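Listing of target_22.txt; format and content: compact mmCIF, C-alpha atoms and all ligand atoms.
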# COMPACT_ATOMS: atom_id res chain seq x y z
CA MET W 30 96.38 90.50 75.66
CA ASN W 31 97.78 92.31 78.69
CA ILE W 32 96.15 91.03 81.86
CA GLY W 33 95.98 92.59 85.32
CA ILE W 34 94.76 90.59 88.30
CA LEU W 35 93.27 92.00 91.52
CA ILE W 36 93.38 89.92 94.70
CA SER W 37 92.71 90.30 98.41
CA GLY W 38 93.84 86.96 99.79
CA ARG W 39 95.00 83.45 98.96
CA GLY W 40 95.26 83.95 95.21
CA SER W 41 94.70 80.39 93.99
CA ASN W 42 92.65 81.57 90.99
CA MET W 43 95.31 84.20 90.23
CA LEU W 44 97.95 81.47 90.30
CA ALA W 45 95.90 79.24 88.01
CA LEU W 46 95.67 82.08 85.47
CA VAL W 47 99.37 82.94 85.78
CA GLU W 48 100.36 79.31 85.20
CA ALA W 49 97.95 78.93 82.26
CA VAL W 50 99.42 82.03 80.61
CA LYS W 51 102.92 80.75 81.26
CA ASN W 52 102.35 77.29 79.82
CA GLY W 53 100.54 78.67 76.77
CA GLU W 54 97.11 77.30 77.66
CA ILE W 55 95.99 80.92 77.53
CA PRO W 56 97.81 82.06 74.37
CA ASP W 57 99.10 85.46 73.28
CA SER W 58 98.83 86.96 76.75
CA LYS W 59 100.90 88.31 79.58
CA VAL W 60 100.02 88.86 83.22
CA LYS W 61 101.49 92.32 83.62
CA ILE W 62 100.58 93.06 87.21
CA VAL W 63 98.94 91.64 90.34
CA ILE W 64 97.43 94.26 92.63
CA SER W 65 96.27 93.56 96.17
CA ASP W 66 94.26 95.80 98.48
CA ASN W 67 95.72 93.84 101.39
CA ARG W 68 99.45 93.80 102.15
CA ASN W 69 99.09 90.43 103.90
CA ALA W 70 97.50 88.64 100.94
CA ALA W 71 99.17 85.25 100.55
CA GLY W 72 98.78 85.56 96.78
CA LEU W 73 101.39 88.34 96.61
CA SER W 74 104.34 86.04 97.22
CA LYS W 75 102.88 83.45 94.83
CA ALA W 76 102.81 86.08 92.06
CA ALA W 77 106.28 87.34 92.95
CA ALA W 78 107.61 83.77 92.74
CA HIS W 79 106.53 83.88 89.09
CA LYS W 80 108.39 87.18 88.64
CA ILE W 81 105.17 89.11 88.17
CA LYS W 82 105.06 92.73 89.25
CA THR W 83 103.04 93.05 92.45
CA VAL W 84 101.65 96.25 93.92
CA VAL W 85 99.79 96.78 97.20
CA ILE W 86 97.20 99.55 97.08
CA GLU W 87 95.34 99.73 100.36
CA LEU W 88 92.26 101.82 101.05
CA ARG W 89 93.97 103.84 103.80
CA GLY W 90 90.81 105.68 104.81
CA ARG W 91 90.21 107.07 101.32
CA THR W 92 86.98 106.96 99.39
CA ARG W 93 86.45 104.04 97.04
CA ARG W 94 86.77 106.44 94.13
CA GLU W 95 90.20 107.69 95.26
CA HIS W 96 91.38 104.16 95.96
CA ASP W 97 90.21 102.96 92.56
CA ALA W 98 91.84 105.93 90.80
CA GLU W 99 95.22 104.73 92.02
CA ILE W 100 94.48 101.17 90.88
CA ILE W 101 93.28 102.36 87.46
CA ALA W 102 96.48 104.39 87.05
CA GLU W 103 98.65 101.33 87.81
CA LEU W 104 96.67 99.18 85.38
CA GLN W 105 96.89 101.81 82.65
CA LYS W 106 100.63 102.22 83.23
CA GLN W 107 100.95 98.53 82.35
CA ASN W 108 98.62 98.84 79.32
CA VAL W 109 96.27 96.31 80.87
CA GLU W 110 93.43 95.31 78.54
CA LEU W 111 91.69 92.70 80.69
CA VAL W 112 91.21 92.98 84.45
CA CYS W 113 90.57 89.69 86.28
CA LEU W 114 89.18 89.88 89.80
CA ALA W 115 90.32 86.82 91.72
CA GLY W 116 89.07 86.88 95.28
CA TYR W 117 89.10 90.71 95.30
CA LEU W 118 86.82 91.61 98.15
CA ARG W 119 85.77 95.14 97.18
CA LEU W 120 83.04 96.51 94.97
CA LEU W 121 84.45 98.62 92.16
CA SER W 122 83.49 102.28 91.75
CA PRO W 123 81.48 103.33 88.67
CA GLU W 124 84.63 105.16 87.49
CA PHE W 125 86.55 101.87 87.51
CA ILE W 126 83.82 100.08 85.56
CA ALA W 127 83.71 102.94 83.04
CA ALA W 128 87.50 102.96 82.60
CA PHE W 129 87.47 99.25 81.71
CA ARG W 130 83.97 98.81 80.29
CA ASN W 131 83.34 95.13 79.38
CA SER W 132 86.95 94.39 80.20
CA ILE W 133 86.65 93.35 83.84
CA ILE W 134 85.70 89.80 84.77
CA ASN W 135 85.17 88.03 88.08
CA ILE W 136 84.82 84.51 89.40
CA HIS W 137 82.15 83.76 91.98
CA PRO W 138 81.60 80.49 93.87
CA SER W 139 77.92 79.94 93.09
CA LEU W 140 75.60 79.63 90.12
CA LEU W 141 74.63 83.28 89.80
CA PRO W 142 72.17 84.88 90.18
CA ALA W 143 71.82 82.55 93.19
CA PHE W 144 73.85 83.48 96.26
CA PRO W 145 75.70 86.68 95.31
CA GLY W 146 78.00 88.42 97.79
CA LEU W 147 80.08 86.94 100.56
CA GLU W 148 80.05 83.32 101.74
CA ALA W 149 78.24 81.97 98.72
CA GLN W 150 79.07 78.38 99.72
CA ARG W 151 77.56 78.88 103.19
CA GLN W 152 74.48 80.47 101.61
CA ALA W 153 74.06 77.43 99.32
CA LEU W 154 74.39 74.95 102.19
CA GLU W 155 71.98 76.89 104.40
CA TYR W 156 69.44 77.14 101.59
CA GLY W 157 69.57 73.40 101.04
CA VAL W 158 70.16 73.42 97.29
CA LYS W 159 71.31 70.16 95.67
CA PHE W 160 73.45 71.87 93.07
CA THR W 161 75.62 74.93 93.20
CA GLY W 162 78.83 75.75 91.33
CA CYS W 163 80.82 78.66 90.04
CA THR W 164 80.35 81.50 87.57
CA VAL W 165 82.68 83.72 85.55
CA HIS W 166 80.97 86.96 84.63
CA PHE W 167 81.65 90.47 83.41
CA VAL W 168 81.65 93.06 86.17
CA ASP W 169 79.11 95.86 86.11
CA GLU W 170 78.00 98.36 88.75
CA GLY W 171 75.97 95.77 90.68
CA LEU W 172 76.99 93.00 93.07
CA ASP W 173 77.96 89.89 91.06
CA SER W 174 75.40 90.96 88.48
CA GLY W 175 77.17 91.31 85.13
CA SER W 176 76.69 89.22 81.99
CA ILE W 177 77.52 85.56 82.51
CA ILE W 178 80.41 84.10 80.52
CA ARG W 179 80.63 80.54 81.88
CA GLN W 180 79.23 78.40 84.66
CA LYS W 181 80.01 74.99 86.07
CA VAL W 182 77.63 72.93 88.19
CA VAL W 183 78.85 71.25 91.38
CA SER W 184 76.67 68.83 93.37
CA VAL W 185 76.00 69.49 97.03
CA LEU W 186 76.42 66.26 99.01
CA ASP W 187 74.43 65.35 102.13
CA ASN W 188 77.54 65.29 104.29
CA ASP W 189 79.12 68.46 102.87
CA THR W 190 80.57 71.03 105.24
CA ILE W 191 81.36 74.56 104.14
CA GLU W 192 84.95 73.44 103.83
CA THR W 193 84.38 70.36 101.68
CA LEU W 194 81.94 72.20 99.42
CA THR W 195 84.27 75.19 99.12
CA ASN W 196 87.18 72.95 98.12
CA ARG W 197 85.14 71.04 95.56
CA ILE W 198 83.91 74.27 93.97
CA LEU W 199 87.41 75.78 94.05
CA SER W 200 88.90 72.93 92.06
CA GLU W 201 86.33 73.66 89.32
CA GLU W 202 86.88 77.42 89.56
CA HIS W 203 90.45 77.27 88.33
CA ALA W 204 89.61 75.40 85.13
CA LEU W 205 86.53 77.54 84.51
CA TYR W 206 88.43 80.80 84.92
CA ILE W 207 91.14 79.64 82.51
CA GLU W 208 88.51 78.67 79.91
CA ALA W 209 86.75 82.01 80.27
CA VAL W 210 89.94 84.07 79.93
CA LYS W 211 90.92 81.99 76.93
CA GLN W 212 87.59 82.83 75.35
CA ILE W 213 87.92 86.54 76.00
CA VAL W 214 91.48 86.59 74.67
CA SER W 215 90.33 84.83 71.49
CA GLY W 216 87.75 87.58 70.92
CA ASN W 217 85.37 84.80 70.01
CA TYR W 218 82.35 85.87 72.04
CA LYS W 219 79.44 88.25 71.95
CA ILE W 220 77.75 89.97 74.87
CA ASN W 221 74.06 89.40 74.42
CA GLY W 222 72.18 91.16 77.21
CA ARG W 223 72.50 89.09 80.37
CA GLY W 224 74.44 86.34 78.69
CA VAL W 225 77.58 85.98 76.66
CA LEU W 226 77.45 83.84 73.54
CA THR W 227 80.57 81.76 73.36
CA ASP W 228 79.88 78.82 71.09
CA ALA W 229 81.03 78.88 67.48
CA ILE W 230 80.65 82.58 66.95
C1 LIG M 301 87.11 82.08 95.26
O1 LIG M 301 86.19 81.19 95.83
C2 LIG M 301 86.42 83.01 94.29
O2 LIG M 301 85.37 82.40 93.60
C3 LIG M 301 85.88 84.08 95.19
O3 LIG M 301 86.87 84.26 96.18
C4 LIG M 301 87.64 83.05 96.31
C5 LIG M 301 89.06 83.42 96.07
O4 LIG M 301 89.94 82.35 96.26
N1 LIG M 301 85.58 85.28 94.45
P1 LIG M 301 91.44 82.49 95.75
O5 LIG M 301 92.00 83.74 96.44
O6 LIG M 301 91.43 82.62 94.28
O7 LIG M 301 92.13 81.26 96.23
Let's see the structure in the file written out as structure tokens.
Amino acid sequence: MNIGILISGRGSNMLALVEAVKNGEIPDSKVKIVISDNRNAAGLSKAAAHKIKTVVIELRGRTRREHDAEIIAELQKQNVELVCLAGYLRLLSPEFIAAFRNSIINIHPSLLPAFPGLEAQRQALEYGVKFTGCTVHFVDEGLDSGSIIRQKVVSVLDNDTIETLTNRILSEEHALYIEAVKQIVSGNYKINGRGVLTDAI
């Protein structure tokens, strides 16, 4: 499967996917392109170090629709079949969702539907929950609202800071994202309303 990854920053999830494709953990796949909406994203050089094509497509005062049209064109040029958002900080336009219907996935650092949007780890700490985690889900028109593929629970400790909690969740994110992409690539899943059936289908 041809994979395209969208980033805005550090790119640690992107790197985890790239390495998993490279070492065969995610089989029969190729990361064809990494696109960033931010020229200063640290992830760009990490992708380039793996000889992956990188493209910067910034908003430059355009509408979201115009911006997305350029991204869609780049993805299509590379025959991308699965789009992985990995710390991509923009909402996608309806045109983007329609162009890659049920073929865009995202990772989010909470147990959705709790704590969507930015700073999910801070939201969890401020709410006082004892468990949070991470979620890989399909992307639809809403904010972190698409069908859920996989989740992993992470305990919140009494002495957690945003930083310690963020790091503990992040180390689970990488493995979870790899598992989810593996599942999608295998074709062994079924979207069932809000959920995605992934066991022995
Ligand atoms: C991760 O916490 C991810 O869940 C969220 O943004 C962060 C991106 O981190 N969507 P990285 O760029 O993958 O290191």
Exercise for the section: Quick one: everything within 7 Å of Thr195 of chain W, counting only C-alpha atoms, minus sequence neighbours fewer than 4 positions away in the same chain. Send it as a ChimeraX atom specification. Expected result: /W:150,191,199
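Neighbours of ligand LIG 301 (chain M) at a cut-off of 6 Å, computed so that all atoms listed in the file are counted, are the residues Gly38, Arg39, Gly40, Ser41, Asn42, Met43, Ala115, Gly116, Ile136, His137, Pro138 and Leu199 of chain W.
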Same residues, C-alpha atoms, saved as a short mmCIF file (atom, residue, chain, number, x, y, z; two decimals), keeping the file's coordinate frame:
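Below is the file that was written, part_6.cif:
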data_model
loop_
_atom_site.label_atom_id
_atom_site.label_comp_id
_atom_site.auth_asym_id
_atom_site.auth_seq_id
_atom_site.Cartn_x
_atom_site.Cartn_y
_atom_site.Cartn_z
CA GLY W 38 93.84 86.96 99.79
CA ARG W 39 95.00 83.45 98.96
CA GLY W 40 95.26 83.95 95.21
CA SER W 41 94.70 80.39 93.99
CA ASN W 42 92.65 81.57 90.99
CA MET W 43 95.31 84.20 90.23
CA ALA W 115 90.32 86.82 91.72
CA GLY W 116 89.07 86.88 95.28
CA ILE W 136 84.82 84.51 89.40
CA HIS W 137 82.15 83.76 91.98
CA PRO W 138 81.60 80.49 93.87
CA LEU W 199 87.41 75.78 94.05
#
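The gap separating atom CA of Ala78 of chain W from atom CA of Ala128 of chain W is 29.6 Å, in Å to one decimal.
Checking W:Glu103, W:Asp97, W:Glu110, W:Glu54 one by one against Ser122 of chain W, counting all atoms listed in the file, you find the shortest gap at W:Asp97.
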How close does each residue of segment 108-153 of chain W get to segment 85-93 of chain W, giving the shortest atom pair and distance in Å to one decimal for every residue with an atom at most 9 Å away, counting only C-alpha atoms, sorted by chain and residue number, as CSV?
residue,atom,partner,partner_atom,distance
W:Arg119,CA,W:Arg93,CA,8.9
W:Leu120,CA,W:Arg93,CA,8.5
W:Leu121,CA,W:Arg93,CA,7.6
W:Ser122,CA,W:Arg93,CA,6.3
Exercise for the section: Compute the distance from (92.3, 98.2, 81.1) to each atom, counting all atoms listed in the file, keep the residues with any atom at most 12 Å away, and return them as a PyMOL selection string; use the coordinates of the file. Expected result: chain W and resi 30-34+61-62+100-113+125-134
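Atom CA of Gln212 of chain W sits 19.4 Å away from atom CA of Leu141 of chain W.
With only C-alpha atoms taken into account, the protein and nucleic acid residues at most 6 Å from Ser65 of chain W (excluding it and anything under 6 positions from it in its own chain) are W:Leu35, W:Ile36, W:Ser37, W:Val85.
Distances here use only C-alpha atoms; by that measure, the residue among W:Ile55, W:Leu194, W:Phe144, W:Gln152 closest to Ser174 of chain W is W:Phe144.
Among the candidate residues W:Ala49, W:Leu114, W:Ile64, W:Leu44, the one lying nearest to Ile207 of chain W is W:Ala49, with distances computed using all atoms listed in the file.
Here atom CA of Val84 of chain W is placed at a distance of 6.4 Å from atom CA of Val63 of chain W.
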Practice task
Using all atoms listed in the file, find the one residue out of W:Thr190, W:Ser74, W:Ser139, W:Gln180 that sits nearest to Thr161 of chain W.
Solution key: W:Ser139
When you get a chance, write out N, CA, C and O atoms for segment 160-185 of chain W, as a tab-separated table (two decimals), in the frame of the given file.
chain	number	residue	atom	x	y	z
W	160	PHE	N	72.39	71.51	94.00
W	160	PHE	CA	73.45	71.87	93.07
W	160	PHE	C	73.85	73.32	93.29
W	160	PHE	O	72.99	74.17	93.50
W	161	THR	N	75.15	73.56	93.25
W	161	THR	CA	75.62	74.93	93.20
W	161	THR	C	76.75	74.95	92.17
W	161	THR	O	76.66	74.20	91.20
W	162	GLY	N	77.78	75.76	92.35
W	162	GLY	CA	78.83	75.75	91.33
W	162	GLY	C	79.62	77.03	91.33
W	162	GLY	O	79.82	77.65	92.38
W	163	CYS	N	80.06	77.42	90.14
W	163	CYS	CA	80.82	78.66	90.04
W	163	CYS	C	80.49	79.35	88.72
W	163	CYS	O	80.03	78.71	87.77
W	164	THR	N	80.72	80.65	88.70
W	164	THR	CA	80.35	81.50	87.57
W	164	THR	C	81.49	82.46	87.25
W	164	THR	O	82.03	83.08	88.18
W	165	VAL	N	81.81	82.61	85.98
W	165	VAL	CA	82.68	83.72	85.55
W	165	VAL	C	81.79	84.70	84.81
W	165	VAL	O	81.02	84.31	83.92
W	166	HIS	N	81.87	85.96	85.21
W	166	HIS	CA	80.97	86.96	84.63
W	166	HIS	C	81.69	88.29	84.44
W	166	HIS	O	82.69	88.57	85.12
W	167	PHE	N	81.17	89.10	83.52
W	167	PHE	CA	81.65	90.47	83.41
W	167	PHE	C	81.21	91.24	84.64
W	167	PHE	O	80.19	90.90	85.26
W	168	VAL	N	81.97	92.26	84.99
W	168	VAL	CA	81.65	93.06	86.17
W	168	VAL	C	80.95	94.34	85.73
W	168	VAL	O	81.44	95.04	84.84
W	169	ASP	N	79.79	94.58	86.33
W	169	ASP	CA	79.11	95.86	86.11
W	169	ASP	C	78.96	96.56	87.46
W	169	ASP	O	79.59	96.16	88.44
W	170	GLU	N	78.09	97.56	87.53
W	170	GLU	CA	78.00	98.36	88.75
W	170	GLU	C	77.35	97.60	89.91
W	170	GLU	O	77.43	98.00	91.06
W	171	GLY	N	76.68	96.49	89.62
W	171	GLY	CA	75.97	95.77	90.68
W	171	GLY	C	76.86	94.76	91.39
W	171	GLY	O	78.06	94.64	91.11
W	172	LEU	N	76.25	94.01	92.31
W	172	LEU	CA	76.99	93.00	93.07
W	172	LEU	C	76.85	91.65	92.35
W	172	LEU	O	75.76	91.08	92.32
W	173	ASP	N	77.94	91.19	91.76
W	173	ASP	CA	77.96	89.89	91.06
W	173	ASP	C	76.83	89.78	90.04
W	173	ASP	O	76.19	88.74	89.89
W	174	SER	N	76.60	90.90	89.32
W	174	SER	CA	75.40	90.96	88.48
W	174	SER	C	75.66	91.09	86.98
W	174	SER	O	74.72	91.18	86.20
W	175	GLY	N	76.91	91.09	86.55
W	175	GLY	CA	77.17	91.31	85.13
W	175	GLY	C	76.88	90.09	84.26
W	175	GLY	O	76.60	89.00	84.75
W	176	SER	N	76.99	90.28	82.96
W	176	SER	CA	76.69	89.22	81.99
W	176	SER	C	77.54	87.97	82.26
W	176	SER	O	78.74	88.07	82.50
W	177	ILE	N	76.87	86.83	82.13
W	177	ILE	CA	77.52	85.56	82.51
W	177	ILE	C	78.28	84.96	81.34
W	177	ILE	O	77.73	84.76	80.26
W	178	ILE	N	79.55	84.67	81.57
W	178	ILE	CA	80.41	84.10	80.52
W	178	ILE	C	80.37	82.56	80.57
W	178	ILE	O	80.13	81.90	79.57
W	179	ARG	N	80.62	82.01	81.74
W	179	ARG	CA	80.63	80.54	81.88
W	179	ARG	C	80.20	80.13	83.27
W	179	ARG	O	80.45	80.86	84.24
W	180	GLN	N	79.59	78.95	83.35
W	180	GLN	CA	79.23	78.40	84.66
W	180	GLN	C	79.54	76.92	84.68
W	180	GLN	O	79.54	76.25	83.65
W	181	LYS	N	79.78	76.42	85.90
W	181	LYS	CA	80.01	74.99	86.07
W	181	LYS	C	79.20	74.53	87.29
W	181	LYS	O	79.23	75.16	88.34
W	182	VAL	N	78.48	73.44	87.11
W	182	VAL	CA	77.63	72.93	88.19
W	182	VAL	C	78.45	72.01	89.09
W	182	VAL	O	79.24	71.20	88.61
W	183	VAL	N	78.23	72.14	90.40
W	183	VAL	CA	78.85	71.25	91.38
W	183	VAL	C	77.73	70.72	92.28
W	183	VAL	O	76.89	71.49	92.76
W	184	SER	N	77.71	69.41	92.50
W	184	SER	CA	76.67	68.83	93.37
W	184	SER	C	76.95	69.16	94.82
W	184	SER	O	78.11	69.21	95.25
W	185	VAL	N	75.87	69.35	95.58
W	185	VAL	CA	76.00	69.49	97.03
W	185	VAL	C	75.69	68.12	97.63
W	185	VAL	O	74.64	67.53	97.33
